[in-house]
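Colleague: Please find one structure pasted underneath; my questions will follow.
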Amino acid sequence: MSKVTRHTLANGMTILLKEVHSAPLIAWVVLYRVGSRNERTGQTGISHWVEHMMFKGTERFPASVLDKAIDRLGGQWNAYTSMDHTSYFEVLPADKVNLALELEADRMVNATFDPEEVESERTVIISERGMSENHPMFWLDEEMEAAAFRVHGYHHQIIGDMTDLETMTREDLYNHYRQHYVPANAVGVAVGAFDSAEMLEKIRQHYENIPMRTMPETFSRQEPPQNGERRVEVLRPSNNSFVAVGYRVPQATHEDWFPLLVMDSILTGPGGGIGNKTSRMYQALVVNELASQVYGYIYPSVDPYLYNTTMVVRDGQSPQSCLDAYDAVIAEVVENGFTEAELDKARKQARAAHAYGTERVSEQAFELARAEHFASYTWAEEFPERIQAVTLEQINSVAKRYLRRSNRTVGFLIPQTEEVSA
Amino acid sequence: MTSIIQALPSEQNITRVALANGIVVLAYEKPDVQSVVVSGNLAAGGIYTTPAQHGLANLTSEALLRGTQHQDFDTYHARLEMAGADLDLNAGRFGVSIDGKALAEDLPFLLEMLADAVRYPAFLPEQFSRLRGELVTSLQYAEQDTRSRAKRAFYEALYPADHAYHYNTSGTLNSVAALTVEEAAAFHQNVYGPQGMTLVIVGNINAQHAIEAVRAHFADWRNDAQPARMQVPAAPAVVAPRRVHVALEGKTLSDVMLGFVGPSRYADDFQAATLANSVLGQFGMMGRIGDVVREQKGYAYYSYSSIEGGHGPGAWSAAAGVDPENVEETINDIVSEFRRIAEEPVTDEELADVKSYYTGNLPLQLESSEGIASTILRMESYQLGLDYLLGYADRINSLTPYQLQKAVQHYIQPDLAVVSVAGAPA
């Protein structure tokens, strides 16, 4: 496998290059080190809204041109905003990559933020939030994170609070853009069928002349320790009940993160398109007909976040019965630990999931960019080895230390009845 | 620098073998990956059930993975998961799709597990009852989902109750709750078999070894009870516009679905219709419809059109998620765009754009094993020929604005649109 090379342009922009010649394609990702965790009250959702405005064009590439330019070449492009960063990407036939380099360089500094476009996009984003609100679980997730994080920016949803979406101004958005979209705050990653020296030269041509600007002061507030279990209950029109449990866990760079990832794989399954029917929670909840689904995840976050598990309560069962069964599993693993067989399974599954999840150049580029943001690209490169190195002692230890009631938030979504709403 | 630029999948590099029992196997070697993908179809979809058994094909396909005559549920999934492999069987209208993946060295194991599931399911009552309960819970969720409800109402309004497309394959709360393990076992016994089965294997494999592995597990499969391949009747013409509203409490957004009976994948004008649809609701930021509804008016996060294609007369439809206040205007805007593309030929620039997209997008489509497998499966299922991709660009580039307009006019009568809306009570 080809090695990644890292370069720093004169204006501070970080560049990662990885040659992959399995298909005549190149993925180009530009990640900005700003996400919803950096948003102040009154401006929640601003990172995501700015991301939308980046598709509204520049003088050189007006929206109507930009929309069609990539499609015309048979390419793919999009962007997403996470809690920790905002990423833009293009995947193009290898001989067409110049367009991606050019348009991302252009919109790093020249996005217009036309006032009429801002207003038009306000309703699109409110509509996007409405789309999420149509799903009962969105309301539970929103309340869970609000309860779990009183101070830190993980408190609010990436889409933002409705009141902020209704009141933010064009100036708010433009200031956010000008503050955070600077070369030294960006990571550019190319993965695909290119020669690294030639690719670096092309990147220099497009990006090195972008003026160096002051690195932004990122807004971030540390969450104080949690003193006791927190509970939320959400009442919404719904045919189903849901239970969510979130334990505070450390950030991706912490030594406990990989053992926690393996622990989650054993408890709720490995994800990545691999089944979870032999996981501890599936056996306790779904096989015992308390829940129809159970899934969990641990996210490689910049700051300490949550290890989340969600249960869809089976028809005729109660949220409390699901939580009781969940707690019994937690008590068992804290008391008696996991087995070598479970660890072996998790390792093999991680190897397979990594093989499935890194086949496309875009997937590799995203992983490298994200890892470079919170640690170093080597975090992504070493991922399979780090998983294989996790020991039974480590996962038993993290289970004991993190799966404590005083360290968690528990949420129920209860179907709203007429009596409750009256 | 090393370069493994792939040639397009074609007769030159796809190994195709038809087994004596009717199973068609296609294998494609992709040495740059560590894994293998197995995709395929069994002729056992919803069309083989009666309306009274609505949801039976889906329930049966999922029941196949709940334990076999050789391995109970726990053993089966412990083996699968221990290998980091995955296998799904899902019934659609016509077929049961097979989606498996594993590390490349585990291909024989994956095929063994697939054969055990589709040939020797146990249908234990306890497992069946548990699965049915899970599906009922997911149907309860779908009952509250505006997108799902709008789609269901749209198909029920577009196709009459005696047409296969009137029903979705998941069934309804009532129909699924009433299904029995005996019905599932009988459906399996009478419908599942090698005739009409296709398997596509793509990954870091040796094609001949892969085909031998399929032979080892499937060559002796017979089922004399298997029915002849089902044909879908044409859908009767819609003679008056129809409108349905599904009222759901507590919803912020309303989902709109609007459309017409469209072409099957076999239709001569399918490709022309597909390009016209790209202009209408796909290209760039969701085509003309996206331009009006999202970009100009800011009404919707998503607003696009699509052609279902497939083996029968699927829908040609548009969908949007909008504030209830903007539902009427959105419907009018979408109908106007259907009318415009029926009345005026697309511009030369628009046609050049979508041709360029369709021909230029092949490398992306074929980047992954899954992408290659689904492309090969499509070529086999719709009898397009294994050299289909070699002539693909020529076929696309030969289309004219007039052909696109004729295709639109063949299927679209803007005044007879079927419309469904699911959201807050009107």
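In the structure tokens, chains take letters A, B, ... by order of appearance, with residues numbered from 1 within each chain and ligands from 1 in the order shown.
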Find the spatial neighbours of range 65-73 of chain B, counting only C-alpha atoms, within a cut-off of 9 Å - ignore same-chain residues fewer than 6 positions away - and output them as a list of chain:residue names.
Modeller: A:Lys277, B:Leu87, B:Asp88, B:Leu89, B:Leu114, B:Asp116, B:Ala117, B:Val118, B:Arg119, B:Tyr120, B:Pro121, B:Ala122, B:Phe123, B:Leu124, B:Gln127, B:Phe128, B:Leu131
Colleague: Could you list, as a PyMOL selection string, the residues of chain A having an atom within 7 Å of chain B when counting only C-alpha atoms?
Modeller: chain A and resi 21-24+67-68+71-75+93+120-121+123-125+127-128+130-131+133-134+237-240+274-275+277-278+289+292+314-315+345+348-349+352+355-356+359-360
Colleague: Could you write those residues out with C-alpha atoms, as a PDB file, in the first residue's frame?
Modeller:
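Printed below is out11.pdb as written:
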ATOM      1  CA  HIS A  21      -4.038   3.426  -8.791  1.00  0.00           C
ATOM      2  CA  SER A  22      -6.861   0.918  -8.602  1.00  0.00           C
ATOM      3  CA  ALA A  23      -9.245   3.146 -10.604  1.00  0.00           C
ATOM      4  CA  PRO A  24      -8.718   6.212 -12.822  1.00  0.00           C
ATOM      5  CA  ASP A  67     -23.725  22.984  -9.773  1.00  0.00           C
ATOM      6  CA  LYS A  68     -23.210  21.638 -13.235  1.00  0.00           C
ATOM      7  CA  ASP A  71     -21.651  16.605 -13.018  1.00  0.00           C
ATOM      8  CA  ARG A  72     -20.649  17.475 -16.562  1.00  0.00           C
ATOM      9  CA  LEU A  73     -17.344  15.694 -16.004  1.00  0.00           C
ATOM     10  CA  GLY A  74     -19.052  12.638 -14.586  1.00  0.00           C
ATOM     11  CA  GLY A  75     -17.830  13.493 -11.129  1.00  0.00           C
ATOM     12  CA  PRO A  93     -11.831  11.191 -13.423  1.00  0.00           C
ATOM     13  CA  SER A 120     -33.451  31.610   0.253  1.00  0.00           C
ATOM     14  CA  GLU A 121     -31.118  29.165   1.983  1.00  0.00           C
ATOM     15  CA  THR A 123     -35.808  28.330   4.456  1.00  0.00           C
ATOM     16  CA  VAL A 124     -33.972  25.396   2.891  1.00  0.00           C
ATOM     17  CA  ILE A 125     -32.101  24.818   6.142  1.00  0.00           C
ATOM     18  CA  SER A 127     -36.756  22.671   5.899  1.00  0.00           C
ATOM     19  CA  GLU A 128     -33.779  20.369   6.505  1.00  0.00           C
ATOM     20  CA  GLY A 130     -38.030  19.979   9.637  1.00  0.00           C
ATOM     21  CA  MET A 131     -37.078  16.812   7.802  1.00  0.00           C
ATOM     22  CA  GLU A 133     -38.016  16.744  13.212  1.00  0.00           C
ATOM     23  CA  ASN A 134     -40.353  14.406  11.362  1.00  0.00           C
ATOM     24  CA  PRO A 237     -46.479  11.496  18.485  1.00  0.00           C
ATOM     25  CA  SER A 238     -44.968   8.119  17.650  1.00  0.00           C
ATOM     26  CA  ASN A 239     -45.952   4.501  17.252  1.00  0.00           C
ATOM     27  CA  ASN A 240     -42.736   3.339  18.912  1.00  0.00           C
ATOM     28  CA  ILE A 274     -21.414  -6.376   9.498  1.00  0.00           C
ATOM     29  CA  GLY A 275     -24.215  -7.943  11.523  1.00  0.00           C
ATOM     30  CA  LYS A 277     -26.711 -10.797  16.082  1.00  0.00           C
ATOM     31  CA  THR A 278     -24.105 -12.369  18.336  1.00  0.00           C
ATOM     32  CA  GLU A 289     -37.925  -9.923  22.472  1.00  0.00           C
ATOM     33  CA  SER A 292     -36.585  -4.938  17.805  1.00  0.00           C
ATOM     34  CA  ARG A 314     -40.485  -3.910  20.621  1.00  0.00           C
ATOM     35  CA  ASP A 315     -44.241  -3.624  20.283  1.00  0.00           C
ATOM     36  CA  LYS A 345     -14.158 -11.845  16.837  1.00  0.00           C
ATOM     37  CA  LYS A 348     -11.433 -10.056  12.718  1.00  0.00           C
ATOM     38  CA  GLN A 349     -14.515  -7.947  12.193  1.00  0.00           C
ATOM     39  CA  ALA A 352     -12.996  -6.893   7.493  1.00  0.00           C
ATOM     40  CA  ALA A 355     -11.249  -3.620   4.071  1.00  0.00           C
ATOM     41  CA  TYR A 356     -14.854  -2.848   3.119  1.00  0.00           C
ATOM     42  CA  GLU A 359     -12.122   0.570  -1.008  1.00  0.00           C
ATOM     43  CA  ARG A 360     -13.109   3.927  -2.482  1.00  0.00           C
TER      44      ARG A 360
END
Colleague: When you look at Leu343 in chain A with a cut-off of 8 Å (counting only C-alpha atoms), what residues show up, excluding the ones that are within fewer than 2 positions of it in the same chain? I need them as a VMD selection string.
Modeller: chain A and resid 262 266 338 to 341 345 to 347 391 to 392
Colleague: Calculated over only C-alpha atoms, which of the candidates B:Val25, B:Val279, B:Ala161, B:Ile334 has the smallest distance to Val200 in chain B?
Modeller: B:Val25
Colleague: Could you name the residues that touch Ala252 in chain A at 10 Å or less, counting only C-alpha atoms, but leaving out those on the same chain fewer than 3 positions away, as a ChimeraX atom specification?
Modeller: /A:249,255-258,261,298-305,371,374-375,379
Colleague: If you run DSSP on the backbone here, which positions in range 178-234 of chain A get strand (DSSP E)? Please write them as a PyMOL selection string.
Modeller: chain A and resi 186-192+230-234
Colleague: Between CA of Ala353 in chain A and CA of Val4 in chain A, what is the spacing in Å?
Modeller: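 The value is 20.9 Å.
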Colleague: For the atom pair CA of Asp344 in chain A and CA of Leu323 in chain A, what is the interatomic distance in Å to one decimal place?
Modeller: 27.8 Å
